[in-house]
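Undergrad: Structure file final15.cif, mmCIF, C-alpha atoms and all ligand atoms, is pasted below:
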```
data_entry
#
loop_
_atom_site.label_atom_id
_atom_site.label_comp_id
_atom_site.auth_asym_id
_atom_site.auth_seq_id
_atom_site.Cartn_x
_atom_site.Cartn_y
_atom_site.Cartn_z
CA MET Q 30 9.47 -58.37 5.97
CA SER Q 31 8.75 -54.84 4.87
CA GLY Q 32 9.46 -54.01 1.22
CA GLU Q 33 9.86 -57.68 0.20
CA VAL Q 34 8.81 -58.43 -3.40
CA VAL Q 35 6.98 -61.74 -3.77
CA ILE Q 36 6.38 -63.50 -7.09
CA ALA Q 37 2.98 -65.21 -6.87
CA HIS Q 38 1.81 -67.95 -9.25
CA ILE Q 39 -1.91 -68.60 -8.96
CA GLY Q 40 -3.85 -70.85 -11.32
CA VAL Q 41 -2.77 -72.36 -14.63
CA ALA Q 42 -0.18 -70.50 -16.70
CA ALA Q 43 -0.21 -67.67 -14.19
CA ARG Q 44 1.61 -64.50 -15.15
CA PRO Q 45 4.29 -63.46 -12.66
CA GLN Q 46 2.72 -60.89 -10.40
CA SER Q 47 4.67 -58.68 -8.04
CA ARG Q 48 3.34 -57.96 -4.57
CA VAL Q 49 4.96 -55.54 -2.24
CA ALA Q 50 4.38 -56.85 1.28
CA ASP Q 51 2.79 -54.45 3.80
CA VAL Q 52 1.63 -52.13 1.02
CA PRO Q 53 -2.18 -51.92 0.95
CA ALA Q 54 -4.07 -53.32 -2.02
CA ARG Q 55 -5.20 -50.61 -4.43
CA ILE Q 56 -8.98 -50.54 -4.84
CA ALA Q 57 -11.33 -49.06 -7.46
CA LEU Q 58 -15.02 -48.97 -6.54
CA LEU Q 59 -17.61 -48.86 -9.33
CA GLY Q 60 -21.14 -48.04 -8.21
CA THR Q 61 -22.14 -45.75 -5.34
CA GLY Q 62 -25.79 -46.77 -5.04
CA THR Q 63 -27.33 -48.98 -2.33
CA VAL Q 64 -24.42 -51.45 -2.18
CA GLY Q 65 -21.54 -49.15 -3.26
CA SER Q 66 -22.33 -46.50 -0.66
CA ALA Q 67 -22.41 -49.22 2.03
CA VAL Q 68 -18.95 -50.35 0.83
CA LEU Q 69 -17.69 -46.78 1.22
CA ALA Q 70 -19.26 -46.48 4.69
CA ARG Q 71 -17.69 -49.79 5.81
CA LEU Q 72 -14.29 -48.77 4.44
CA ALA Q 73 -14.52 -45.35 6.11
CA GLY Q 74 -15.35 -47.09 9.40
CA TRP Q 75 -12.06 -49.02 9.11
CA ASP Q 76 -9.93 -45.85 8.91
CA GLY Q 77 -7.02 -46.21 11.32
CA THR Q 78 -7.62 -49.93 11.93
CA ARG Q 79 -5.69 -53.04 10.83
CA LEU Q 80 -8.37 -53.85 8.24
CA GLY Q 81 -8.25 -50.31 6.88
CA GLU Q 82 -4.49 -50.56 6.40
CA ARG Q 83 -4.97 -53.44 3.93
CA LEU Q 84 -7.11 -51.58 1.40
CA SER Q 85 -6.49 -48.20 -0.17
CA LEU Q 86 -9.14 -46.56 -2.35
CA HIS Q 87 -7.80 -45.05 -5.59
CA TYR Q 88 -10.83 -44.56 -7.83
CA VAL Q 89 -14.59 -44.23 -7.37
CA ALA Q 90 -17.21 -43.95 -10.11
CA ASN Q 91 -20.91 -44.21 -10.76
CA SER Q 92 -22.77 -43.64 -14.03
CA ARG Q 93 -22.46 -39.83 -13.67
CA PHE Q 94 -18.94 -39.10 -12.44
CA GLY Q 95 -15.60 -40.60 -11.45
CA PHE Q 96 -12.84 -39.31 -9.19
CA ARG Q 97 -9.67 -40.17 -7.32
CA PRO Q 98 -10.48 -39.71 -3.64
CA ALA Q 99 -8.09 -38.28 -1.05
CA SER Q 100 -9.54 -40.62 1.63
CA THR Q 101 -12.42 -43.06 2.06
CA ALA Q 102 -14.29 -40.57 4.25
CA GLU Q 103 -13.97 -37.95 1.51
CA ALA Q 104 -15.06 -40.52 -1.10
CA ALA Q 105 -18.16 -41.39 0.91
CA ALA Q 106 -19.09 -37.72 1.29
CA ARG Q 107 -18.44 -36.84 -2.37
CA ALA Q 108 -20.31 -39.90 -3.68
CA VAL Q 109 -23.36 -38.97 -1.63
CA SER Q 110 -23.25 -35.26 -2.50
CA GLY Q 111 -22.96 -35.99 -6.24
CA VAL Q 112 -21.11 -32.71 -6.84
CA ALA Q 113 -21.38 -31.79 -10.53
CA SER Q 114 -17.73 -30.68 -10.82
CA HIS Q 115 -16.43 -34.29 -10.91
CA ALA Q 116 -15.02 -35.66 -14.16
CA PRO Q 117 -17.26 -38.03 -16.15
CA PRO Q 118 -16.81 -41.72 -15.27
CA SER Q 119 -14.34 -43.69 -17.35
CA LEU Q 120 -13.75 -47.42 -17.32
CA ASP Q 121 -10.38 -46.76 -18.98
CA ALA Q 122 -9.43 -44.64 -15.96
CA VAL Q 123 -9.79 -47.66 -13.64
CA ALA Q 124 -6.58 -49.45 -14.66
CA VAL Q 125 -4.69 -46.14 -14.85
CA ALA Q 126 -5.72 -45.23 -11.29
CA LEU Q 127 -4.78 -48.69 -10.00
CA GLY Q 128 -1.28 -48.50 -11.51
CA THR Q 129 0.83 -51.52 -12.36
CA GLN Q 130 2.29 -52.64 -9.03
CA GLY Q 131 1.02 -54.53 -6.02
CA THR Q 132 -2.37 -56.11 -5.43
CA ARG Q 133 -5.04 -54.29 -7.45
CA ILE Q 134 -8.77 -54.93 -7.07
CA VAL Q 135 -11.87 -53.63 -8.87
CA ILE Q 136 -15.02 -53.80 -6.72
CA ASP Q 137 -18.07 -53.89 -8.99
CA ALA Q 138 -21.19 -52.67 -7.16
CA THR Q 139 -23.11 -51.90 -10.34
CA ALA Q 140 -25.66 -53.84 -12.37
CA SER Q 141 -23.92 -52.64 -15.52
CA GLU Q 142 -23.34 -54.67 -18.65
CA ALA Q 143 -20.62 -52.20 -19.73
CA VAL Q 144 -18.70 -52.79 -16.49
CA THR Q 145 -19.18 -56.57 -16.70
CA GLU Q 146 -17.74 -56.57 -20.23
CA ARG Q 147 -14.47 -55.31 -18.72
CA HIS Q 148 -14.14 -58.04 -16.07
CA ALA Q 149 -12.21 -60.51 -18.24
CA ALA Q 150 -9.77 -57.88 -19.53
CA TRP Q 151 -9.00 -56.64 -16.01
CA LEU Q 152 -8.52 -60.20 -14.75
CA ALA Q 153 -6.20 -61.07 -17.65
CA ASP Q 154 -4.18 -57.90 -16.91
CA GLY Q 155 -3.52 -58.93 -13.31
CA ILE Q 156 -6.35 -56.91 -11.71
CA HIS Q 157 -8.56 -58.95 -9.37
CA VAL Q 158 -12.33 -58.43 -9.60
CA VAL Q 159 -14.76 -58.63 -6.70
CA THR Q 160 -18.38 -58.31 -7.77
CA ALA Q 161 -21.96 -58.13 -6.56
CA CYS Q 162 -23.14 -58.09 -10.17
CA LYS Q 163 -24.37 -61.43 -11.53
CA LEU Q 164 -23.97 -60.59 -15.21
CA GLY Q 165 -20.44 -62.02 -15.30
CA GLN Q 166 -21.06 -65.57 -14.15
CA GLY Q 167 -24.86 -65.77 -14.35
CA THR Q 168 -25.51 -65.11 -18.03
CA SER Q 169 -23.93 -66.87 -21.02
CA LEU Q 170 -21.75 -69.94 -20.53
CA ALA Q 171 -19.23 -68.40 -22.95
CA ARG Q 172 -18.74 -65.42 -20.66
CA TRP Q 173 -18.41 -67.70 -17.63
CA HIS Q 174 -15.59 -69.59 -19.43
CA GLU Q 175 -13.99 -66.32 -20.48
CA ILE Q 176 -13.79 -65.19 -16.85
CA ARG Q 177 -12.24 -68.54 -15.74
CA GLU Q 178 -9.67 -68.33 -18.54
CA ALA Q 179 -8.83 -64.70 -17.75
CA CYS Q 180 -8.22 -65.60 -14.09
CA ALA Q 181 -5.83 -68.35 -15.15
CA LEU Q 182 -4.05 -66.04 -17.59
CA GLY Q 183 -3.68 -63.13 -15.18
CA GLY Q 184 -3.10 -65.17 -12.02
CA THR Q 185 -6.09 -63.35 -10.55
CA ARG Q 186 -9.17 -64.15 -8.51
CA TYR Q 187 -12.87 -63.45 -9.11
CA GLY Q 188 -14.59 -62.69 -5.80
CA ASP Q 189 -18.22 -63.70 -6.25
CA SER Q 190 -19.56 -64.26 -2.71
CA ALA Q 191 -21.96 -61.33 -3.00
CA THR Q 192 -23.54 -62.56 -6.24
CA VAL Q 193 -25.61 -65.29 -4.56
CA GLY Q 194 -27.11 -64.92 -1.09
CA ALA Q 195 -25.59 -61.42 -0.68
CA GLY Q 196 -22.45 -62.91 0.88
CA LEU Q 197 -24.01 -65.94 2.65
CA PRO Q 198 -21.53 -68.87 2.59
CA LEU Q 199 -23.26 -70.60 -0.34
CA LEU Q 200 -20.65 -70.63 -3.11
CA ARG Q 201 -17.97 -71.05 -0.48
CA SER Q 202 -19.70 -74.18 0.92
CA ILE Q 203 -20.27 -75.72 -2.52
CA ARG Q 204 -16.59 -75.23 -3.35
CA ALA Q 205 -15.49 -76.62 0.01
CA LEU Q 206 -17.62 -79.75 -0.46
CA GLN Q 207 -16.13 -80.31 -3.90
CA ALA Q 208 -12.61 -79.70 -2.65
CA GLY Q 209 -13.29 -82.51 -0.16
CA GLY Q 210 -14.28 -84.90 -2.97
CA ASP Q 211 -18.06 -84.48 -2.76
CA ARG Q 212 -20.30 -84.35 -5.82
CA ILE Q 213 -23.29 -82.01 -5.63
CA HIS Q 214 -26.53 -83.87 -6.51
CA ALA Q 215 -29.14 -81.14 -6.19
CA ILE Q 216 -29.77 -77.61 -4.94
CA ALA Q 217 -33.16 -76.11 -4.06
CA GLY Q 218 -34.32 -73.03 -2.26
CA VAL Q 219 -35.20 -69.38 -1.99
CA LEU Q 220 -32.47 -67.34 -3.71
CA SER Q 221 -34.11 -63.93 -3.91
CA GLY Q 222 -33.99 -61.64 -0.88
CA SER Q 223 -36.56 -59.24 -2.30
CA LEU Q 224 -39.03 -61.99 -3.27
CA ALA Q 225 -38.52 -63.63 0.14
CA TRP Q 226 -39.30 -60.29 1.79
CA LEU Q 227 -42.36 -59.81 -0.45
CA PHE Q 228 -43.87 -63.23 0.28
CA ASN Q 229 -43.05 -62.94 3.99
CA HIS Q 230 -45.04 -59.67 4.11
CA TYR Q 231 -47.78 -59.87 1.48
CA ASP Q 232 -51.12 -60.51 3.20
CA GLY Q 233 -53.48 -60.69 0.22
CA LEU Q 234 -55.34 -57.64 1.55
CA ARG Q 235 -53.11 -54.67 0.79
CA PRO Q 236 -51.94 -54.22 -2.83
CA PHE Q 237 -48.89 -56.28 -3.82
CA SER Q 238 -47.53 -53.25 -5.73
CA GLY Q 239 -47.20 -51.32 -2.46
CA PHE Q 240 -45.00 -54.07 -1.04
CA VAL Q 241 -42.86 -54.02 -4.21
CA ARG Q 242 -42.29 -50.29 -3.73
CA GLN Q 243 -41.31 -50.88 -0.09
CA ALA Q 244 -38.84 -53.63 -1.07
CA ARG Q 245 -37.35 -51.34 -3.73
CA ASP Q 246 -37.07 -48.40 -1.31
CA ALA Q 247 -35.38 -50.64 1.27
CA GLY Q 248 -32.69 -51.49 -1.33
CA TYR Q 249 -33.62 -55.18 -1.70
CA THR Q 250 -34.63 -55.20 -5.36
CA GLU Q 251 -32.50 -54.82 -8.46
CA PRO Q 252 -32.34 -51.28 -9.88
CA ASP Q 253 -35.31 -52.39 -12.06
CA PRO Q 254 -37.58 -54.54 -9.79
CA ARG Q 255 -38.82 -56.44 -12.87
CA ASP Q 256 -35.43 -58.22 -12.84
CA ASP Q 257 -36.51 -59.80 -9.54
CA LEU Q 258 -40.21 -60.30 -10.32
CA SER Q 259 -39.49 -61.90 -13.69
CA GLY Q 260 -37.28 -64.54 -12.05
CA GLU Q 261 -34.30 -63.27 -14.09
CA ASP Q 262 -32.23 -62.47 -10.99
CA VAL Q 263 -32.94 -65.96 -9.61
CA ARG Q 264 -32.12 -67.54 -12.98
CA ARG Q 265 -28.69 -65.86 -12.79
CA LYS Q 266 -28.16 -67.09 -9.24
CA ILE Q 267 -29.07 -70.72 -9.93
CA LEU Q 268 -26.78 -70.60 -12.99
CA ILE Q 269 -23.91 -69.32 -10.82
CA LEU Q 270 -24.52 -72.05 -8.24
CA ALA Q 271 -24.92 -74.78 -10.88
CA ARG Q 272 -21.71 -73.82 -12.66
CA ALA Q 273 -19.82 -73.66 -9.35
CA ALA Q 274 -21.22 -77.14 -8.61
CA GLY Q 275 -19.78 -78.46 -11.89
CA VAL Q 276 -22.95 -78.35 -14.01
CA ALA Q 277 -22.17 -76.38 -17.18
CA LEU Q 278 -25.72 -75.12 -17.56
CA ASP Q 279 -26.66 -72.79 -20.37
CA SER Q 280 -28.84 -69.80 -19.51
CA ALA Q 281 -31.63 -70.97 -21.85
CA ALA Q 282 -31.74 -74.34 -20.08
CA VAL Q 283 -33.32 -72.77 -16.98
CA GLU Q 284 -37.13 -72.86 -17.04
CA VAL Q 285 -38.36 -69.56 -15.63
CA ASP Q 286 -41.93 -68.79 -14.56
CA SER Q 287 -42.17 -64.97 -14.52
CA LEU Q 288 -44.52 -63.00 -12.26
CA VAL Q 289 -44.45 -59.98 -14.60
CA PRO Q 290 -47.55 -59.55 -16.79
CA GLN Q 291 -46.82 -58.95 -20.49
CA ALA Q 292 -48.01 -55.31 -20.34
CA LEU Q 293 -45.57 -54.51 -17.51
CA ALA Q 294 -42.68 -56.36 -19.16
CA ALA Q 295 -43.01 -54.24 -22.30
CA LEU Q 296 -42.66 -50.85 -20.56
CA SER Q 297 -39.57 -48.65 -20.37
CA ALA Q 298 -37.91 -48.51 -16.92
CA ALA Q 299 -39.23 -44.98 -16.35
CA ASP Q 300 -42.84 -46.17 -16.70
CA VAL Q 301 -42.60 -49.20 -14.40
CA ASP Q 302 -43.53 -47.59 -11.10
CA ALA Q 303 -46.89 -46.28 -12.30
CA ALA Q 304 -47.73 -49.68 -13.81
CA LEU Q 305 -46.85 -51.82 -10.77
CA PRO Q 306 -50.58 -52.19 -9.84
CA GLU Q 307 -50.81 -54.53 -12.88
CA LEU Q 308 -49.39 -57.09 -10.46
CA ASP Q 309 -52.12 -56.69 -7.86
CA ALA Q 310 -54.99 -58.82 -9.24
CA PRO Q 311 -52.92 -61.86 -10.34
CA MET Q 312 -50.96 -61.91 -7.08
CA ARG Q 313 -54.16 -61.59 -4.99
CA GLU Q 314 -55.54 -64.63 -6.82
CA ARG Q 315 -52.41 -66.72 -6.26
CA PHE Q 316 -52.31 -65.72 -2.60
CA ALA Q 317 -56.00 -66.62 -2.11
CA ASP Q 318 -55.50 -70.09 -3.69
CA ALA Q 319 -52.56 -70.83 -1.40
CA TYR Q 320 -54.32 -69.39 1.66
CA LYS Q 321 -57.35 -71.68 1.14
CA ARG Q 322 -55.04 -74.69 1.32
CA GLY Q 323 -53.21 -73.33 4.38
CA GLU Q 324 -50.06 -72.93 2.24
CA LYS Q 325 -47.41 -70.24 1.71
CA LEU Q 326 -46.13 -68.72 -1.52
CA ARG Q 327 -42.38 -69.06 -2.03
CA PHE Q 328 -40.26 -68.26 -5.10
CA ILE Q 329 -38.16 -71.41 -5.50
CA ALA Q 330 -35.17 -72.38 -7.65
CA ARG Q 331 -34.34 -76.05 -8.19
CA LEU Q 332 -31.36 -77.73 -9.81
CA GLU Q 333 -31.45 -81.49 -10.29
CA ASP Q 334 -30.26 -83.95 -12.94
CA GLY Q 335 -28.62 -81.16 -14.94
CA ARG Q 336 -31.89 -79.20 -15.25
CA ALA Q 337 -33.05 -76.07 -13.45
CA ARG Q 338 -36.44 -74.50 -12.80
CA VAL Q 339 -37.39 -71.18 -11.20
CA GLY Q 340 -40.85 -70.01 -10.18
CA LEU Q 341 -43.51 -69.31 -7.57
CA GLN Q 342 -44.76 -72.33 -5.63
CA SER Q 343 -47.42 -72.86 -3.03
CA LEU Q 344 -45.85 -74.90 -0.21
CA PRO Q 345 -47.29 -76.43 2.96
CA ALA Q 346 -46.52 -74.10 5.88
CA ASP Q 347 -44.26 -76.73 7.48
CA HIS Q 348 -42.30 -77.40 4.26
CA PRO Q 349 -38.53 -77.04 4.89
CA LEU Q 350 -38.26 -74.31 2.22
CA ALA Q 351 -41.23 -72.32 3.56
CA GLY Q 352 -39.36 -71.15 6.68
CA GLY Q 353 -37.34 -68.00 7.23
CA ALA Q 354 -38.22 -64.35 7.75
CA GLY Q 355 -37.40 -60.93 6.29
CA THR Q 356 -35.12 -61.24 3.28
CA ASP Q 357 -33.94 -64.72 4.26
CA ASN Q 358 -32.54 -66.98 1.57
CA ARG Q 359 -32.91 -70.64 2.49
CA VAL Q 360 -30.99 -73.13 0.38
CA ALA Q 361 -30.76 -76.91 0.63
CA ILE Q 362 -27.76 -78.73 -0.89
CA TRP Q 363 -27.69 -82.50 -1.46
CA SER Q 364 -24.30 -84.13 -2.07
CA ASP Q 365 -22.55 -87.47 -1.56
CA ARG Q 366 -22.14 -86.78 2.14
CA TYR Q 367 -25.47 -84.95 2.56
CA ASP Q 368 -27.53 -87.50 0.59
CA ARG Q 369 -30.57 -88.02 2.83
CA GLN Q 370 -30.72 -84.83 4.87
CA PRO Q 371 -29.43 -81.82 2.91
CA LEU Q 372 -27.08 -79.17 4.15
CA VAL Q 373 -29.27 -76.10 4.71
CA ILE Q 374 -27.93 -72.55 4.65
CA GLN Q 375 -30.21 -69.70 5.69
CA GLY Q 376 -29.79 -65.98 6.31
CA PRO Q 377 -30.44 -62.49 4.91
CA GLY Q 378 -30.15 -62.63 1.12
CA ALA Q 379 -30.37 -58.93 0.21
CA GLY Q 380 -29.55 -55.55 1.68
CA ALA Q 381 -26.76 -53.01 1.56
CA GLY Q 382 -24.91 -53.99 4.74
CA VAL Q 383 -24.58 -57.75 4.20
CA THR Q 384 -23.73 -57.33 0.52
CA ALA Q 385 -21.03 -54.71 1.17
CA ALA Q 386 -19.57 -56.96 3.88
CA GLY Q 387 -19.51 -59.90 1.42
CA LEU Q 388 -17.66 -57.80 -1.16
CA LEU Q 389 -15.06 -56.59 1.32
CA ASP Q 390 -14.63 -60.12 2.76
CA ASP Q 391 -13.64 -61.23 -0.75
CA ALA Q 392 -11.28 -58.26 -1.19
CA LEU Q 393 -9.59 -58.99 2.15
CA GLU Q 394 -9.25 -62.67 1.22
CA ILE Q 395 -7.47 -61.68 -1.99
CA VAL Q 396 -5.13 -59.45 0.03
CA ALA Q 397 -4.48 -62.27 2.51
CA ARG Q 398 -3.63 -64.73 -0.26
CA GLY Q 399 -1.48 -62.20 -2.11
N1 LIG O 401 -29.20 -54.50 -3.24
C1 LIG O 401 -28.89 -55.71 -2.80
O1 LIG O 401 -29.38 -56.18 -1.76
C2 LIG O 401 -27.94 -56.56 -3.55
C3 LIG O 401 -27.44 -56.16 -4.77
N2 LIG O 401 -26.57 -56.97 -5.44
C4 LIG O 401 -26.06 -56.51 -6.71
O2 LIG O 401 -25.30 -55.32 -6.49
C5 LIG O 401 -25.33 -54.51 -7.66
C6 LIG O 401 -25.70 -53.09 -7.26
O3 LIG O 401 -26.99 -53.10 -6.68
P1 LIG O 401 -27.57 -51.80 -5.97
O4 LIG O 401 -26.51 -51.10 -5.22
O5 LIG O 401 -28.77 -52.25 -5.26
O6 LIG O 401 -27.97 -50.92 -7.25
P2 LIG O 401 -28.11 -49.32 -7.35
O7 LIG O 401 -28.99 -49.05 -8.51
O8 LIG O 401 -28.47 -48.75 -6.03
O9 LIG O 401 -26.62 -48.84 -7.69
C7 LIG O 401 -26.01 -49.12 -8.91
C8 LIG O 401 -24.82 -48.20 -9.05
O10 LIG O 401 -24.13 -48.53 -10.25
C9 LIG O 401 -23.77 -47.29 -10.88
N3 LIG O 401 -23.44 -47.51 -12.29
C10 LIG O 401 -24.27 -47.85 -13.31
N4 LIG O 401 -23.57 -47.94 -14.47
C11 LIG O 401 -22.27 -47.67 -14.15
C12 LIG O 401 -21.07 -47.58 -14.90
N5 LIG O 401 -21.04 -47.82 -16.23
N6 LIG O 401 -19.90 -47.27 -14.25
C13 LIG O 401 -19.91 -47.02 -12.92
N7 LIG O 401 -21.03 -47.09 -12.15
C14 LIG O 401 -22.19 -47.40 -12.76
C15 LIG O 401 -24.96 -46.41 -10.64
O11 LIG O 401 -24.64 -45.07 -10.91
P3 LIG O 401 -25.66 -43.86 -10.55
O12 LIG O 401 -25.52 -43.65 -9.06
O13 LIG O 401 -25.12 -42.73 -11.35
O14 LIG O 401 -27.03 -44.30 -10.98
C16 LIG O 401 -25.20 -46.71 -9.16
O15 LIG O 401 -24.35 -45.92 -8.35
C17 LIG O 401 -26.32 -55.18 -8.61
O16 LIG O 401 -25.62 -55.92 -9.57
C18 LIG O 401 -27.12 -56.11 -7.71
O17 LIG O 401 -27.59 -57.26 -8.38
C19 LIG O 401 -26.13 -58.17 -4.96
C20 LIG O 401 -26.57 -58.61 -3.75
C21 LIG O 401 -27.55 -57.86 -2.95
N1 LIG O 402 -32.34 -58.17 -5.92
C1 LIG O 402 -31.59 -59.21 -5.31
C2 LIG O 402 -30.50 -58.61 -4.48
C3 LIG O 402 -29.46 -59.58 -4.18
O1 LIG O 402 -28.89 -60.25 -5.04
C4 LIG O 402 -32.49 -60.05 -4.42
O2 LIG O 402 -33.64 -59.66 -4.24
O3 LIG O 402 -32.06 -61.10 -3.93
#
```
Output the file's structure in the form of structure tokens.
TA:
Amino acid sequence: MSGEVVIAHIGVAARPQSRVADVPARIALLGTGTVGSAVLARLAGWDGTRLGERLSLHYVANSRFGFRPASTAEAAARAVSGVASHAPPSLDAVAVALGTQGTRIVIDATASEAVTERHAAWLADGIHVVTACKLGQGTSLARWHEIREACALGGTRYGDSATVGAGLPLLRSIRALQAGGDRIHAIAGVLSGSLAWLFNHYDGLRPFSGFVRQARDAGYTEPDPRDDLSGEDVRRKILILARAAGVALDSAAVEVDSLVPQALAALSAADVDAALPELDAPMRERFADAYKRGEKLRFIARLEDGRARVGLQSLPADHPLAGGAGTDNRVAIWSDRYDRQPLVIQGPGAGAGVTAAGLLDDALEIVARG
């Protein structure tokens, strides 16, 4: 029914929200790096298709400039060219560009604290947020609550599929189990795509630092690879999973065993690349110890009995969590129904294409639900 206005009530104390049927959702994309440019490419590939008709891009920004694109193809080209004549980026411009009517969605493909700080305000104002950034739900418990409350207030949704497993059906499965009355007992597995890739490729012969550079250049690491190597990225992911599973875990309650030597941790981001060889000797030693026992190194997160731990482990080669290839995440979930044999979910856990697809899946789901 073209032109019909629907009043949607989602969540507790939802604000009335108008939706004009058959009008595409208005999108703002923040971040045009590895993930953001793949979002633009996927959107541009949908031009003229049924999927493309559901989403309309109204604002694009990175840390250097922001603009209102004429089309997704133009946005993709301008974002890549980085033309200096664009206006500076503005987070205030996001809501203005999205307007006040219809379904409005911010896609956050940054790792920015400043952008994350806006999530709750957008949600409370009726703007949905779809994010690859883990700083919203994977840091303080207070912020996690703030986001839940803002969703309830604004009648909005927080699309988080890309925050864990780069869009793998992990959060979705945990929520589906709970919706069916299951309690989650434990979660364990490989949650970092870059660390999976590193330990699937490191051979103890060539320098570990060279593999880190390759993983960074392939777009698997965080903008600062120390966020992966320190276990911080995995801490955020296990927190997101734990909270989704009903365990209100505080960030400080996760025990994290970092791979980053003190000297490397203390450097500014600009000096990290040159200092990556600091990793080589300690990693060679850990690899050699595991190799002697016929074992494999895997960076594992575990949640059990309301406690979580994250760190590098040496596992027998036939251990269920030692499998997988490339950037594979491999996660086991124990619940009431999966009490002896866990549910295991495995697949690529980093990379531009899968992450962009996860973000746009969430955006399309919001559009479908209205
Ligand atoms: N890479 C992957 O495989 C995955 C990444 N993620 C998450 O996706 C997010 C993005 O990662 P990735 O694309 O690899 O990172 P990149 O460093 O490649 O891109 C980050 C982008 O964010 C932009 N940016 C930074 N600050 C702001 C700001 N205040 N406003 C607007 N844009 C800003 C940067 O601008 P500029 O271009 O000017 O530097 C850049 O375009 C991260 O949170 C990461 O954890 C999640 C799953 C998988
Ligand atoms: N740096 C992250 C990217 C996805 O979240 C990882 O290595 O898993």
Undergrad: Can I get the residues of chain Q within 7 Å of ligand LIG 402 (chain O), each with the closest pair of atoms and their distance in Å to one decimal, using all atoms listed in the file, sorted chain first then ascending number, as JSON lines?
TA:
```
{"residue": "Q:Thr192", "atom": "CA", "partner": "O:LIG402", "partner_atom": "O1", "distance": 5.9}
{"residue": "Q:Val193", "atom": "CA", "partner": "O:LIG402", "partner_atom": "O1", "distance": 6.0}
{"residue": "Q:Gly194", "atom": "CA", "partner": "O:LIG402", "partner_atom": "O1", "distance": 6.4}
{"residue": "Q:Ala195", "atom": "CA", "partner": "O:LIG402", "partner_atom": "C3", "distance": 5.5}
{"residue": "Q:Leu220", "atom": "CA", "partner": "O:LIG402", "partner_atom": "O3", "distance": 6.3}
{"residue": "Q:Ser221", "atom": "CA", "partner": "O:LIG402", "partner_atom": "O3", "distance": 3.5}
{"residue": "Q:Gly222", "atom": "CA", "partner": "O:LIG402", "partner_atom": "O3", "distance": 3.6}
{"residue": "Q:Ser223", "atom": "CA", "partner": "O:LIG402", "partner_atom": "O2", "distance": 3.5}
{"residue": "Q:Leu224", "atom": "CA", "partner": "O:LIG402", "partner_atom": "O2", "distance": 6.0}
{"residue": "Q:Tyr249", "atom": "CA", "partner": "O:LIG402", "partner_atom": "O2", "distance": 5.1}
{"residue": "Q:Thr250", "atom": "CA", "partner": "O:LIG402", "partner_atom": "N1", "distance": 3.8}
{"residue": "Q:Glu251", "atom": "CA", "partner": "O:LIG402", "partner_atom": "N1", "distance": 4.2}
{"residue": "Q:Asp257", "atom": "CA", "partner": "O:LIG402", "partner_atom": "N1", "distance": 5.8}
{"residue": "Q:Asp262", "atom": "CA", "partner": "O:LIG402", "partner_atom": "C1", "distance": 6.6}
{"residue": "Q:Gly378", "atom": "CA", "partner": "O:LIG402", "partner_atom": "O3", "distance": 5.6}
{"residue": "Q:Ala379", "atom": "CA", "partner": "O:LIG402", "partner_atom": "C3", "distance": 4.5}
{"residue": "Q:Gly380", "atom": "CA", "partner": "O:LIG402", "partner_atom": "C2", "distance": 6.9}
```
Undergrad: Could you report the residues within 7 Å of ligand LIG 401 (chain O), using all atoms listed in the file, as a PyMOL selection string?
TA: chain Q and resi 59-65+90-93+118+120+138-141+143-144+161-163+191-195+248-252+378-381+384
Undergrad: Restricting the calculation to all atoms listed in the file, which member of Q:Gly196, Q:Pro254, Q:Gly340, Q:Gly165 is positioned closest to Gly376 (chain Q)?
TA: Q:Gly196
Undergrad: Would you mind reading off the distance between CA of Arg79 (chain Q) and CA of Val135 (chain Q), one decimal, in Å?
TA: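 Between CA of Arg79 (chain Q) and CA of Val135 (chain Q) the gap works out to 20.7 Å.
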Undergrad: Between CA of Asp137 (chain Q) and CA of Val159 (chain Q), what is the distance in Å, rounded to a tenth?
TA: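 If I compute the distance from CA of Asp137 (chain Q) to CA of Val159 (chain Q), I get 6.2 Å.
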Undergrad: Could you tell me which of Q:Gly260, Q:Pro198, Q:Ala303, Q:Met312 comes closest to Asp390 (chain Q) if we count all atoms listed in the file?
TA: Q:Pro198
Undergrad: With all atoms listed in the file as the basis for distance, which of Q:Val360, Q:Leu278, Q:Leu86, Q:Ala215 is at the shortest distance from Leu332 (chain Q)?
TA: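 Smallest distance to Leu332 (chain Q) is found for Q:Ala215.
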Undergrad: Could you give me, as a Markdown table, a per-residue list for region 149-237 of chain Q showing, wherever an atom lies at most 7 Å from an atom of region 279-286 of chain Q, the closest pair of atoms and their distance in Å to one decimal, using all atoms listed in the file and sorting by chain then residue number from low to high?
TA:
```
| residue | atom | partner | partner_atom | distance |
| --- | --- | --- | --- | --- |
| Q:Thr168 | CA | Q:Ser280 | CA | 5.9 |
| Q:Ser169 | CA | Q:Ser280 | CA | 5.9 |
| Q:Leu170 | CA | Q:Asp279 | CA | 5.7 |
```
Undergrad: Could you pull the residues within 10 Å of Val373 (chain Q), counting all atoms listed in the file, minus those fewer than 3 positions along the same chain, as a list in words?
TA: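 Near Val373 (chain Q), the qualifying residues are Leu199, Ile216, Ala217, Gly218, Pro349, Leu350, Arg359, Val360, Ala361, Ile362, Trp363, Tyr367 and Gln370 of chain Q.
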Undergrad: Quote the spacing between CA of Leu72 (chain Q) and CA of Leu84 (chain Q) in Å to one decimal place.
TA: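 Between CA of Leu72 (chain Q) and CA of Leu84 (chain Q) the gap works out to 8.3 Å.
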Undergrad: Counting all atoms listed in the file, which residue out of Q:Asp189, Q:Asp365, Q:Glu82, Q:Glu178 sits closest to Lys266 (chain Q)?
TA: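 That would be Q:Asp189, the residue with the smallest distance to Lys266 (chain Q).
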